[in-house]
Each structure stands twice: as C-alpha cells, then as structure tokens.
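Chemist: The structure is given below, and queries will be raised subsequently.
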Amino acid sequence: MTDRKDAANSMWGGRFASGPDAIMEAINASIGFDRRLYAQDIRGSRAHAAMLAAQGIISDNDATAIGEGLLTVLSEIEAGNFPFSTALEDIHMNVEARLKDLIGEPAGRLHTGRSRNDQVATDFRLWVRDQCDAATEGLHALIRAALSQAEAGADWVMPGFTHLQTAQPVTWGHHMMAYVEMFGRDVSRFEDARRRMNESPLGAAALAGTGYPLDREATAKALGFDRPMANSLDAVSDRDFALEFLSASSICAVHLSRLAEELVIWSSAQFRFVSMSDKWSTGSSIMPQKRNPDAAELIRAKIGRILGATVALFTVMKGLPLAYSKDMQEDKEQVFDAADHLLLALAAMGGMLSDLTANRANMEAAASSGFSTATDLADWLVREAGLPFRDAHHVTGSLVAMAEAKGCDLDDLSLTEMQSVHAGINQSVYSVLGVHNSVASRQSYGGTAPDQVRAQIARWKEKLA
Ligand code: ARG
C-alpha cells in the first residue's frame with residue numbers, strides 16, 4: 001500500500017489546509033478491507049457513467065473514456081499491480097483517483113449526481129446479493145449430499161433420541177431428512193433476503209437525492225436490481241440487507257453446528273454410528289489410535305464468529321440517526337468474515353457428508369437396546385388388550401423395570417414373565433418389540449416409516465430438479 005502524503009486529501013480536501021493526523025488516517029481508512037468491493041464498485045460506476053451520458057449530463061466521449069478507464073483499473077486490480085493508498089481512504093476514492101491518473105479530466109465528471117454514501121450502499125448490496133447466491137448454492141450441494149445418505153439408508157434403523165437418551169427407533173434416512181428440511185428453510189431465507197435487498201440505492205446521492213436528471217431505473221436495471229429504492233434517506237442509511245444476510249447465516253450456522261455435533265458424537269468409539277473418511281479426519285501427534293473429527297468441530301464452532309458478526313452489526317446500527325454515519329463503515333468486515341466462514345463451513349459439511357459412511361449394523365444394534373420399543377409395547381396393550389394408554393404406560397414401565405433388573409432387553413422377557421405383569425399379554429406382542437416393525441408402523445405423515453421417508457426424498461428430488 002502506498003501512502004500519498006499530500007497536504008490535504010485530493011478528493012475532498014478543498015477546505016482543508018493540512019492532511020490528517022496519522023492516527024486519524026488509520027482509524028478513518030477502510031481500503032484495507034473494502035478493496036474487496038472493487039468489482040462491484042467499478043460495475044456501479046460504469047452503470048452510473050453510461051446513464052449520465054444517456055441523460056445528456058456528461059458527454060458520450062467522457063462516458064466512453066470513463067468506462068474504458070474503469071476497465072483498465074479493474075484489470076490492474078485483478079493483476080495485483082494496483083497502487084492502493086491509505087490516504088485515499090476507501091475503494092471508491094482509490095478507484096476514482098487512479099481513473100484520474102489514467103484518463104485525466106473526464107474522471108472528475110464520474111461523481112456527478114452521486115455520493116460515496118449511495119455508492120457504498122450499492123457496492124455492498126451487490127456483494128451481499130452474490131453471497132446469498134453462493135450460500136444457496138452451497139446449501140443445495142449439502143442438501144444433495146444429505147439426500148444421498150437418506151436414500152441409501154431410508155430403512156436403516158438407528159436410535160432416535162430425546163434428551164440424548166434412547167427414545168424410539170427411527171431411520172437413518174429420516175434423521176438425514178430432518179437436516180434437509182432445515183437446510184431447505186435456510187435456502188428460502190437467503191432467497192427471501194435476496195429478493196428484498198434487490199433494490200438500487202444508486203442515485204440517492206448523499207441523502208436527499210439530486211437535482212441532476214438521473215435515470216435511476218436505468219442504473220437499477222443495469223445492475224440487475226428490480227427497481228430503485230423509493231426513499232433516498234433510507235437508501236443510504238439502510239443496512240437491513242446485511243442484517244438479514246447475517247441473520248440467515250446465523251440460523252444456517254446453528255443448523256450446521258447441530259449436525260456437526262452429531263457427527264462428532266456418532267464418530268466416537270462409544271457410538272460408532274458413522275465413520276468419517278480420511279479426507280475429513282486428522283490424527284493426534286501423541287495418541288496413535290486417534291482419528292479426530294476436526295472439520296466437524298470447526299464447523300460446530302463457526303456459529304461463534306457468525307453470530308458474533310450479527311450481534312456486532314446490530315449493535316452498530318442500533319440508535320444511528322438518519323442518514324449516513326461513518327459508524328456504518330464497520331459493517332463490511334463483519335459481513336465479509338461471516339460470509340467467508342459460512343461458505344467454508346457449508347462446503348466442508350457438504351464434502352464430509354458425501355464421504356461419510358453410516359455404519360448400519362452398529363446403529364441397528366444400538367437401536368435395539370435401551371428399551372427403544374417400550375412405546376410400541378404400550379401401544380400394543382392399548383390396541384390388543386384394550387387398556388387405556390395411561391394404564392398401558394404403567395404396565396410397560398413395570399416390564400421395563402423387570403428387564404432392567406434382569407439386565408436384558410424387552411424381547412428377552414418370556415411370555416410367562418410378561419403375563420405376570422399383565423395377564424392379557426400374548427405371543428403376538430413380540431412382533432412389535434422388533435425395531436424394524438416399530439419404524440414401519442410410524443406411517444403418520446412426516447413419520448419415520450421408510451415409505452414416508454422415501455416419499456419425502458422423492459418430493460425433495462423433484463423440488464431440486
Ligand atoms: N468508506 C465509507 C464506508 O464504507 C464510504 C462512505 C463514506 N461516506 C462519507 N460520507 N464519508 O462507509
């Protein structure tokens with residue numbers, strides 16, 4: 001980064017006799033991070049210049065020189081030989097100053113009817129809009145990976161948990177599809193946020209609009225926005241779009257962390273429900289037997305920084321008077337960081353899930369222990385022995401206690417032992433004590449029966465096609 005130690009700032013220093021204090025420059029500059037907006041900034045400026053010419057506000061020759069000069073700036077930045085300057089504060093003034101070096105006087109006409117306030121709002125919206133698309137793409141890949149797992153194991157039985165205690169048998173496919181539903185809602189949140197943010201602030205100028213006969217519809221259209229924002233004060237001071245992106249990211253990161261946590265638990269020696277491939281595991285430098293699920297742990301942790309960014313920007317925006325305040329420059333680093341880490345976590349989870357092996361036999365063995373079919377037994381007593389559910393619950397509880405005392409499972413109890421608790425029990429009770437029968441019976445819409453799970457997989461595949 002070069003430092004131009006001019007007396008006063010060449011872009012706005014008309015009324016200043018001297019340049020800023022070094023510390024002032026350090027606190028004020030955003031070029032260290034907002035250079036990431038260069039492509040959006042140049043795109044916005046080119047649209048603005050073309051519109052200025054079309055409206056007869058600047059000449060066609062000037063607009064052409066500006067448009068071509070901006071492309072040169074773009075290629076310099078992309079080639080990595082652009083002279084970024086802290087004294088020029090931000091990406092907007094760095095680009096414009098370089099344009100002036102390249103094309104001279106016409107560069108000074110680019111900022112007609114525009115302010116950095118609507119410029120930065122436009123650039124940042126364009127950037128966040130792209131992140132919504134990238135998040136949607138990452139989520140779709142992840143949903144596909146979960147769908148493949150669900151399809152392979154639509155009828156593989158595993159313990160379903162409440163309080164992390166064995167509750168009732170469910171299927172692996174059903175468990176995977178639960179995440180498909182969560183990630184599907186995440187997609188809809190990003191799509192929804194994108195739709196709402198897709199309005200153009202450009203032309204709002206500093207805060208009040210402008211006296212130049214701008215065509216805001218034209219610049220909105222050129223930048224892929226649905227329409228110009230309807231209120232210039234709102235256009236320059238709104239950061240809802242960033243807050244919505246961060247909120248959607250936070251909820252998505254919560255889902256990722258829950259799945260990551262399950263993978264950490266399931267891959268432990270005590271569970272062994274899943275095996276992670278070598279690609280997604282690490283070893284220990286001291287304990288040779290270790291295979292650590294580091295990627296899952298890091299995904300589990302990402303919510304920390306993403307929610308942190310969300311809280312940070314909410315806190316910055318809270319209580320800000322209209323319209324623009326420099327506080328709002330603090331929006332970018334938070335959103336950049338959250339977006340980078342969300343996309344990384346989505347990609348890692350998608351890859352990890354694709355390479356994951358679910359251990360059918362271990363899951364099924366675990367599902368068969370822990371009295372997971374006790375509810376099925378109680379339901380049998382209601383259906384076949386005519387007991388009210390509360391009484392059936394009580395009888396089943398006694399049978400569980402008996403099995404627990406004997407150190408066996410429910411289906412290891414003899415018929416005589418069962419009849420000692422309730423005389424109405426007969427041989428057919430054993431059919432409901434098996435985990436496969438248990439899951440097959442859960443035919444209610446959205447239930448864990450393999451038929452239901454397959455129907456949901458089919459619905460999702462159609463939706464994604
Ligand atoms: N770097 C500034 C930001 O990110 C650009 C807008 C500056 N506007 C101003 N009036 N100083 O917010």
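By order of appearance in the structure tokens: chains A, B, ..., then residues from 1 within every chain, and ligands from 1 in the order shown.
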Can you tell me which residues sit at most 7 Å away from ligand 1, counting only C-alpha atoms and all ligand atoms, written as an MDAnalysis selection string?
Modeler: chainID A and resid 30 89:90 116:117 120 324 326 328:329
Chemist: Would you kindly return, as a list in words, each protein, DNA or RNA residue with an atom no farther than 12 Å from any atom of Ser267 (chain A), considering only C-alpha atoms and excluding same-chain residues fewer than 3 positions away?
Modeler: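 Close residues of Ser267 (chain A): Ala260, Glu261, Glu262, Leu263, Val264, Gln270, Phe271, Arg272, Phe273, Val274, Ser275, Met276, Ser277, Trp280, Ser281, Lys290, Arg291, Asn292, Pro293, Asp294, Ala296, Glu297, Leu356, Thr357, Ala358, Asn359, Asn362 and Met363 of chain A.
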Chemist: At a cut-off of 8 Å, using only C-alpha atoms, what residues contact region 330-338 of chain A? Leave out same-chain residues fewer than 4 positions from it and give the result as number ranges by chain.
Modeler: A: 33-34, 124, 242, 246, 249, 305-306, 309-310, 312-313, 316, 326, 342
Chemist: As a ChimeraX atom specification, please: every residue in region 285-414 of chain A that a backbone DSSP assignment puts in helix (DSSP H, G or I).
Modeler: /A:294-317,326-354,360-368,374-385,389-406,410-412
Chemist: Region 74-277 of chain A: which residues are strand (DSSP E) by DSSP, as a ChimeraX atom specification?
Modeler: /A:157-162,165-171,199-200,227-228,274-275
Chemist: Tell me which protein, DNA and RNA residues are within 10 Å of Ala347 (chain A), counting only C-alpha atoms, leaving out same-chain ones fewer than 6 positions away, and put them as a PyMOL selection string.
Modeler: chain A and resi 135+137-139+141-142+341+353
Chemist: Listing only residues of region 126-186 of chain A within 9 Å of region 432-443 of chain A, what is the closest atom pair and its distance in Å (to one decimal) for each, using only C-alpha atoms, sorted by chain and residue number ascending, as CSV?
Modeler:
```
residue,atom,partner,partner_atom,distance
A:Asp155,CA,A:His436,CA,8.2
A:Trp156,CA,A:His436,CA,8.6
A:Val157,CA,A:His436,CA,6.9
A:Met158,CA,A:Val435,CA,8.7
A:Gln168,CA,A:Ser438,CA,8.3
A:Pro169,CA,A:Val435,CA,6.1
A:Val170,CA,A:Val439,CA,5.9
A:Thr171,CA,A:Val439,CA,7.1
```
Chemist: Using Å and a single decimal, report how far CA of Ile66 (chain A) sits from CA of Gly80 (chain A).
Modeler: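 Between CA of Gly80 (chain A) and CA of Ile66 (chain A) the gap is 21.0 Å.
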Chemist: Excluding Gly160 (chain A) and residues on its chain fewer than 4 positions from it, collect all residues at most 10 Å away from it, counting only C-alpha atoms, and give them as a VMD selection string.
Modeler: chain A and resid 164 to 172 174 to 175 366 to 367 372 448
